[in-house]
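> Would you mind keeping the following structure in view while I ask a few things?
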Amino acid sequence: MVARTLRAAYHLWIMLAVLGSCWALSAATGTGLLTDSAAYPVLVSLLLAVGLYGSTSGIDLAEARGDLRTLLLAVTVGVLAKAALIVPVLWLAVGEPAYLILAVAVAQIDPLSVAALRSRSGMSERGKTVLSVWSSFDDPVTVLLTAYLAPVALSALDDGTDASALPVTPDAYALTMLGNVALVVVAALAWYALRPGRGAAAGSGAAVRSGWRGVLRTAGCLLVLAGVLAAATAYGLMLGVAVVGLFYRSPVLVPVLGRALTTAYYLALVALGLLLVDGVEPGPGIALGAAAFTAQMIVGWLIARNLDRYDRVSLALGQQNGVTAVVLALSLQPAFPRTVAIVAPAVVTVNVLHFVTNELWGRRRQPLPDESAPTDQPRCPPPPSSWVIKSPG
């Protein structure tokens, strides 16, 4: 049992080690390192774009269609409800009305974290699909809310900071939405023209796909995908790249994407650690993280009422924060100086709570030997096939 717990805690150990070492490095040098350079926000945006594409490209569309109502509720009403539940706790912990916007910043579920842990989850494929779609598409909703609420929150600051300090404004977001639409249209046309096997005659499809035309089409698809990720990174077209992941798929990407997601996740942890150069506010941060996790338990349980009991509880315990919260913290930091100090410990708190609660819940997945049948029967019957953890690919 101890060995199993240690293996399950591997993700958490790595996270704490990376955060701690990067925090110590920043504190020792007295500088923000990457955070002081113009490349830092670009790197974080690239990590978010890769995570969004990886999460949506692994979604089972047939399963998603079966839970469309649940998913729409999750990424719209669910985000608003979670933020509303977090606000009272944050009000008591921080004491400044302006910082209530941080309730929105942590209301989403991080897609990189979900993608990194998806294969180790005991949820059914249907439950994994709901969580993946939720984590992918609540990010754009969260960014939209942040863009429109930030100027209102900014007016509550005592120093009267001008709203121009915010890098994200409502007008800029409206323009970004048009960019998202254009990105999806261009990617769809490119996929229609370049998808492998297009134009193959009956009976000769295998030959064409294995020939030079198939190689060129595959290379073209990869180049277009690289362009999509670059555009999403440069212009913040995260909704667009998430939609592209729903149809822009190729077997060639499966092994590469898996490694890319893992790399992106741990690079995001490095970025988060480097944000801690100016210290943290553990009290408000822990309160914010605990409130976010509790809000997910309430909203997730209510929204997932059509799933089976195990998936429903797992979804309620599915709150995770990571690179998305970092992106929003970076955007808000110039106007709200306490943002990073509060959000960073909140992210740690959420991930610790996620590990502890899911580890305790996961032990209920299989009965202990002495809880099964009488002594003259096999003590550990083989689990049903639906319990087998499948690879996201």
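Order determines the names: the first chain of the structure tokens is A, the second B, and so forth; residues in each chain are numbered 1 upward, and ligands are numbered 1 upward as they are shown.
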Could I get the residues of range 239-344 of chain A with an atom no further than 7 Å from an atom of range 18-25 of chain A, each paired with its nearest atom pair and that distance in Å to one decimal, using only C-alpha atoms, sorted by chain and residue number, as a tab-separated table?

residue	atom	partner	partner_atom	distance
A:Leu269	CA	A:Leu19	CA	6.3
A:Val270	CA	A:Val18	CA	6.1
A:Leu272	CA	A:Leu19	CA	6.9
A:Gly273	CA	A:Leu19	CA	4.3
A:Leu274	CA	A:Cys22	CA	5.4
A:Leu276	CA	A:Trp23	CA	5.6
A:Val277	CA	A:Trp23	CA	6.3
> Enumerate, in order of chain and increasing residue number, the residues of range 272-351 of chain A with an atom no farther than 9 Å from range 33-52 of chain A, each with its shortest atom pair and distance in Å to one decimal, counting only C-alpha atoms, as a Markdown table.

| residue | atom | partner | partner_atom | distance |
| --- | --- | --- | --- | --- |
| A:Leu274 | CA | A:Leu33 | CA | 7.1 |
| A:Leu275 | CA | A:Thr35 | CA | 6.8 |
| A:Val277 | CA | A:Leu33 | CA | 8.9 |
| A:Val323 | CA | A:Leu48 | CA | 6.5 |
| A:Thr324 | CA | A:Leu48 | CA | 6.6 |
| A:Val326 | CA | A:Val44 | CA | 7.8 |
| A:Val327 | CA | A:Val44 | CA | 6.5 |
| A:Leu330 | CA | A:Pro41 | CA | 7.4 |
| A:Ser331 | CA | A:Pro41 | CA | 8.8 |
> Neighbouring residues of range 59-75 of chain A were defined as those with any atom within 8 Å, considering only C-alpha atoms; residues of the same chain fewer than 5 positions away were excluded. Please report them as a PyMOL selection string.
chain A and resi 126+129-130+132-134+137-138+141+246+300+303-304
> Would you mind listing, for every residue of range 208-296 of chain A within 10 Å of range 186-194 of chain A, the two atoms forming the shortest contact and the distance between them in Å to one decimal, using only C-alpha atoms, sorted by chain and ascending residue number, as CSV?

residue,atom,partner,partner_atom,distance
A:Arg213,CA,A:Leu194,CA,9.9
A:Gly214,CA,A:Leu194,CA,9.2
A:Leu216,CA,A:Leu194,CA,8.6
A:Arg217,CA,A:Leu194,CA,5.1
A:Thr218,CA,A:Leu194,CA,7.4
A:Ala219,CA,A:Leu194,CA,9.1
A:Gly220,CA,A:Leu194,CA,6.5
A:Cys221,CA,A:Leu194,CA,6.2
A:Leu222,CA,A:Leu194,CA,9.9
A:Val224,CA,A:Ala187,CA,7.2
A:Leu225,CA,A:Ala187,CA,7.9
A:Gly227,CA,A:Ala187,CA,9.3
A:Val228,CA,A:Ala187,CA,7.3
A:Gly240,CA,A:Ala187,CA,9.4
A:Val241,CA,A:Ala187,CA,9.3
A:Val243,CA,A:Ala187,CA,9.9
A:Val244,CA,A:Ala187,CA,6.8
A:Gly245,CA,A:Ala187,CA,10.0
A:Phe247,CA,A:Ala188,CA,7.9
A:Tyr248,CA,A:Trp191,CA,6.6
A:Arg249,CA,A:Trp191,CA,8.9
> What is the CA of Glu359 in chain A to CA of Asn321 in chain A distance in Å?
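Separation between CA of Glu359 in chain A and CA of Asn321 in chain A: 17.6 Å.
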> Determine, counting only C-alpha atoms, which protein, DNA and RNA residues have an atom within 10 Å of an atom of Gly289 in chain A; residues of the same chain fewer than 4 positions away are not included. Present the result as a list in words.
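The neighbour list is Ile86, Leu90, Ala103, Val106, Ala107, Pro284, Gly285, Phe293, Thr294, Ala295, Gln319, Gln320, Asn321, Ile342, Val343, Ala344, Pro345, Ala346, Val347, Val348, Thr349, Val350, Asn351, Val352 and Leu353 of chain A.
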> Save out the residues we just selected, N, CA and C atoms, as a CSV table (one decimal), in the first residue's frame.

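Result file is result.csv:
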chain,number,residue,atom,x,y,z
A,86,ILE,N,-16.4,31.0,-4.8
A,86,ILE,CA,-15.0,31.3,-4.3
A,86,ILE,C,-15.0,32.7,-3.7
A,90,LEU,N,-12.6,34.5,-0.6
A,90,LEU,CA,-11.5,35.4,-1.0
A,90,LEU,C,-11.7,36.8,-0.4
A,103,ALA,N,-10.9,35.0,-8.1
A,103,ALA,CA,-11.8,33.9,-8.0
A,103,ALA,C,-12.1,33.4,-9.4
A,106,VAL,N,-8.8,31.3,-11.0
A,106,VAL,CA,-8.6,29.9,-10.6
A,106,VAL,C,-9.8,29.0,-10.7
A,107,ALA,N,-10.9,29.6,-11.3
A,107,ALA,CA,-12.1,28.8,-11.5
A,107,ALA,C,-12.0,27.7,-12.5
A,284,PRO,N,-3.9,34.0,2.3
A,284,PRO,CA,-4.9,34.1,1.2
A,284,PRO,C,-4.8,33.1,0.1
A,285,GLY,N,-3.5,32.7,-0.2
A,285,GLY,CA,-3.3,31.7,-1.3
A,285,GLY,C,-3.9,30.3,-0.9
A,293,PHE,N,-11.2,24.4,-4.8
A,293,PHE,CA,-11.4,22.9,-4.8
A,293,PHE,C,-12.8,22.6,-4.3
A,294,THR,N,-13.2,23.3,-3.3
A,294,THR,CA,-14.5,23.0,-2.7
A,294,THR,C,-15.6,23.4,-3.7
A,295,ALA,N,-15.4,24.5,-4.4
A,295,ALA,CA,-16.4,24.9,-5.4
A,295,ALA,C,-16.5,23.9,-6.5
A,319,GLN,N,-10.7,19.3,-9.7
A,319,GLN,CA,-10.1,20.6,-9.8
A,319,GLN,C,-8.6,20.6,-9.8
A,320,GLN,N,-8.0,21.2,-10.8
A,320,GLN,CA,-6.5,21.3,-10.9
A,320,GLN,C,-6.2,22.7,-11.5
A,321,ASN,N,-5.1,23.3,-11.0
A,321,ASN,CA,-4.7,24.6,-11.6
A,321,ASN,C,-3.2,24.4,-12.0
A,342,ILE,N,-0.5,35.5,-4.4
A,342,ILE,CA,-1.7,34.8,-3.9
A,342,ILE,C,-2.0,33.6,-4.8
A,343,VAL,N,-1.8,33.7,-6.1
A,343,VAL,CA,-2.2,32.6,-7.0
A,343,VAL,C,-1.2,31.5,-6.8
A,344,ALA,N,0.1,31.7,-6.7
A,344,ALA,CA,1.1,30.6,-6.6
A,344,ALA,C,0.8,29.6,-5.5
A,345,PRO,N,0.6,30.1,-4.2
A,345,PRO,CA,0.3,29.1,-3.2
A,345,PRO,C,-1.1,28.5,-3.4
A,346,ALA,N,-2.0,29.2,-4.1
A,346,ALA,CA,-3.3,28.6,-4.4
A,346,ALA,C,-3.2,27.4,-5.3
A,347,VAL,N,-2.3,27.5,-6.3
A,347,VAL,CA,-2.1,26.4,-7.2
A,347,VAL,C,-1.5,25.2,-6.5
A,348,VAL,N,-0.6,25.4,-5.6
A,348,VAL,CA,0.0,24.3,-4.8
A,348,VAL,C,-1.1,23.7,-4.0
A,349,THR,N,-1.9,24.5,-3.3
A,349,THR,CA,-3.0,24.0,-2.5
A,349,THR,C,-3.9,23.1,-3.2
A,350,VAL,N,-4.3,23.6,-4.4
A,350,VAL,CA,-5.3,22.8,-5.2
A,350,VAL,C,-4.7,21.5,-5.6
A,351,ASN,N,-3.4,21.5,-6.0
A,351,ASN,CA,-2.8,20.2,-6.4
A,351,ASN,C,-2.6,19.2,-5.3
A,352,VAL,N,-2.3,19.7,-4.1
A,352,VAL,CA,-2.1,18.9,-2.9
A,352,VAL,C,-3.5,18.3,-2.6
A,353,LEU,N,-4.5,19.1,-2.6
A,353,LEU,CA,-5.9,18.6,-2.3
A,353,LEU,C,-6.3,17.6,-3.3
> Which residue gives the smallest distance to Ala98 in chain A among A:Ala153, A:Asn358, A:Leu307, A:Ala242, with only C-alpha atoms counted?
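Nearest candidate to Ala98 in chain A out of A:Ala153, A:Asn358, A:Leu307, A:Ala242: A:Ala153.
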> Near Ala316 in chain A, counting only C-alpha atoms, which residues have an atom at most 7 Å away, once you skip same-chain residues fewer than 6 positions from it, shown as an mmCIF file with C-alpha atoms, in the first residue's frame?

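Now in part20.cif:
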data_model
loop_
_atom_site.group_PDB
_atom_site.id
_atom_site.type_symbol
_atom_site.label_atom_id
_atom_site.label_comp_id
_atom_site.auth_asym_id
_atom_site.auth_seq_id
_atom_site.Cartn_x
_atom_site.Cartn_y
_atom_site.Cartn_z
ATOM 1 C CA GLN A 296 -15.458 22.218 -7.960
ATOM 2 C CA MET A 297 -16.777 19.546 -5.589
ATOM 3 C CA ILE A 298 -20.149 21.274 -5.368
ATOM 4 C CA GLY A 300 -19.004 19.089 -10.404
ATOM 5 C CA TRP A 301 -21.321 16.882 -8.353
#
> Can you tell me which residues surround Pro255 in chain A at a distance of at most 12 Å, considering only C-alpha atoms, apart from same-chain residues fewer than 2 positions away, and format the answer as a list of chain:residue names?
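So, after excluding close chain neighbours, the residues are A:Gly54, A:Gly58, A:Ser250, A:Pro251, A:Val252, A:Leu253, A:Leu257, A:Gly258, A:Arg259, A:Ala260, A:Leu261, A:Thr262, A:Ser391, A:Pro392, A:Gly393.
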> Since we have the selection now, will you write its residues out, keeping C-alpha atoms, as a PDB file, in the first residue's frame?

ATOM      1  CA  GLY A  54      -3.398  18.009 -26.802  1.00  0.00           C
ATOM      2  CA  GLY A  58      -7.618  13.273 -27.394  1.00  0.00           C
ATOM      3  CA  SER A 250      -3.379  12.323 -37.324  1.00  0.00           C
ATOM      4  CA  PRO A 251      -1.941   9.017 -36.037  1.00  0.00           C
ATOM      5  CA  VAL A 252       1.515  10.471 -36.689  1.00  0.00           C
ATOM      6  CA  LEU A 253       0.933  12.996 -33.898  1.00  0.00           C
ATOM      7  CA  LEU A 257       1.994  14.756 -28.754  1.00  0.00           C
ATOM      8  CA  GLY A 258       2.260  12.568 -25.670  1.00  0.00           C
ATOM      9  CA  ARG A 259       5.881  13.568 -25.111  1.00  0.00           C
ATOM     10  CA  ALA A 260       5.115  17.200 -25.905  1.00  0.00           C
ATOM     11  CA  LEU A 261       2.333  17.318 -23.311  1.00  0.00           C
ATOM     12  CA  THR A 262       4.560  15.874 -20.593  1.00  0.00           C
ATOM     13  CA  SER A 391      -4.105   5.297 -22.704  1.00  0.00           C
ATOM     14  CA  PRO A 392      -5.497   8.658 -23.845  1.00  0.00           C
ATOM     15  CA  GLY A 393      -4.323   7.821 -27.353  1.00  0.00           C
TER      16      GLY A 393
END
> Identify, on the basis of only C-alpha atoms, every residue whose closest approach to Ala329 in chain A does not exceed 9 Å; exclude the query and any residue fewer than 6 positions from it along the same chain; express the result as a PyMOL selection string.
chain A and resi 102+105+336+339-340+343-344
> Next, write the just-selected residues to a file, as a PDB file, in the first residue's frame, keeping all heavy atoms as the atom set.

ATOM      1  N   LEU A 102      -9.523  37.278  -8.724  1.00  0.00           N
ATOM      2  CA  LEU A 102      -8.728  36.051  -8.672  1.00  0.00           C
ATOM      3  C   LEU A 102      -9.621  34.821  -8.536  1.00  0.00           C
ATOM      4  O   LEU A 102      -9.189  33.707  -8.842  1.00  0.00           O
ATOM      5  CB  LEU A 102      -7.734  36.103  -7.511  1.00  0.00           C
ATOM      6  CG  LEU A 102      -6.711  37.243  -7.563  1.00  0.00           C
ATOM      7  CD1 LEU A 102      -5.697  37.095  -6.443  1.00  0.00           C
ATOM      8  CD2 LEU A 102      -6.013  37.289  -8.919  1.00  0.00           C
ATOM      9  N   ALA A 105      -9.832  33.697 -11.947  1.00  0.00           N
ATOM     10  CA  ALA A 105      -8.563  33.201 -12.468  1.00  0.00           C
ATOM     11  C   ALA A 105      -8.316  31.736 -12.108  1.00  0.00           C
ATOM     12  O   ALA A 105      -7.658  31.013 -12.859  1.00  0.00           O
ATOM     13  CB  ALA A 105      -7.404  34.063 -11.950  1.00  0.00           C
ATOM     14  N   PHE A 336      -2.437  44.479 -10.668  1.00  0.00           N
ATOM     15  CA  PHE A 336      -2.777  43.946  -9.341  1.00  0.00           C
ATOM     16  C   PHE A 336      -1.519  43.307  -8.754  1.00  0.00           C
ATOM     17  O   PHE A 336      -1.266  42.115  -8.942  1.00  0.00           O
ATOM     18  CB  PHE A 336      -3.902  42.915  -9.444  1.00  0.00           C
ATOM     19  CG  PHE A 336      -5.163  43.435 -10.080  1.00  0.00           C
ATOM     20  CD1 PHE A 336      -5.361  43.343 -11.452  1.00  0.00           C
ATOM     21  CD2 PHE A 336      -6.150  44.032  -9.308  1.00  0.00           C
ATOM     22  CE1 PHE A 336      -6.518  43.828 -12.041  1.00  0.00           C
ATOM     23  CE2 PHE A 336      -7.311  44.520  -9.888  1.00  0.00           C
ATOM     24  CZ  PHE A 336      -7.490  44.422 -11.262  1.00  0.00           C
ATOM     25  N   THR A 339      -1.145  39.673  -7.136  1.00  0.00           N
ATOM     26  CA  THR A 339      -1.734  38.533  -7.840  1.00  0.00           C
ATOM     27  C   THR A 339      -0.874  37.276  -7.759  1.00  0.00           C
ATOM     28  O   THR A 339      -1.331  36.212  -7.341  1.00  0.00           O
ATOM     29  CB  THR A 339      -1.989  38.889  -9.311  1.00  0.00           C
ATOM     30  OG1 THR A 339      -2.936  39.959  -9.374  1.00  0.00           O
ATOM     31  CG2 THR A 339      -2.535  37.691 -10.070  1.00  0.00           C
ATOM     32  N   VAL A 340       0.389  37.380  -8.170  1.00  0.00           N
ATOM     33  CA  VAL A 340       1.253  36.201  -8.216  1.00  0.00           C
ATOM     34  C   VAL A 340       1.466  35.627  -6.828  1.00  0.00           C
ATOM     35  O   VAL A 340       1.455  34.408  -6.643  1.00  0.00           O
ATOM     36  CB  VAL A 340       2.603  36.564  -8.871  1.00  0.00           C
ATOM     37  CG1 VAL A 340       3.626  35.451  -8.675  1.00  0.00           C
ATOM     38  CG2 VAL A 340       2.402  36.826 -10.358  1.00  0.00           C
ATOM     39  N   VAL A 343      -1.843  33.729  -6.075  1.00  0.00           N
ATOM     40  CA  VAL A 343      -2.201  32.626  -6.969  1.00  0.00           C
ATOM     41  C   VAL A 343      -1.231  31.451  -6.841  1.00  0.00           C
ATOM     42  O   VAL A 343      -1.634  30.286  -6.894  1.00  0.00           O
ATOM     43  CB  VAL A 343      -2.274  33.116  -8.425  1.00  0.00           C
ATOM     44  CG1 VAL A 343      -2.417  31.949  -9.390  1.00  0.00           C
ATOM     45  CG2 VAL A 343      -3.447  34.079  -8.598  1.00  0.00           C
ATOM     46  N   ALA A 344       0.068  31.729  -6.661  1.00  0.00           N
ATOM     47  CA  ALA A 344       1.060  30.649  -6.607  1.00  0.00           C
ATOM     48  C   ALA A 344       0.775  29.644  -5.485  1.00  0.00           C
ATOM     49  O   ALA A 344       0.705  28.432  -5.742  1.00  0.00           O
ATOM     50  CB  ALA A 344       2.465  31.229  -6.482  1.00  0.00           C
TER      51      ALA A 344
END
> Looking only at the backbone, which of the residues in range 79-138 of chain A does DSSP tag as helix (DSSP H, G or I), as a PyMOL selection string?
chain A and resi 79-94+97-105+111-120+125-138
> In Å to one decimal, how far is CA of Leu229 in chain A from CA of Ala264 in chain A?
13.2 Å
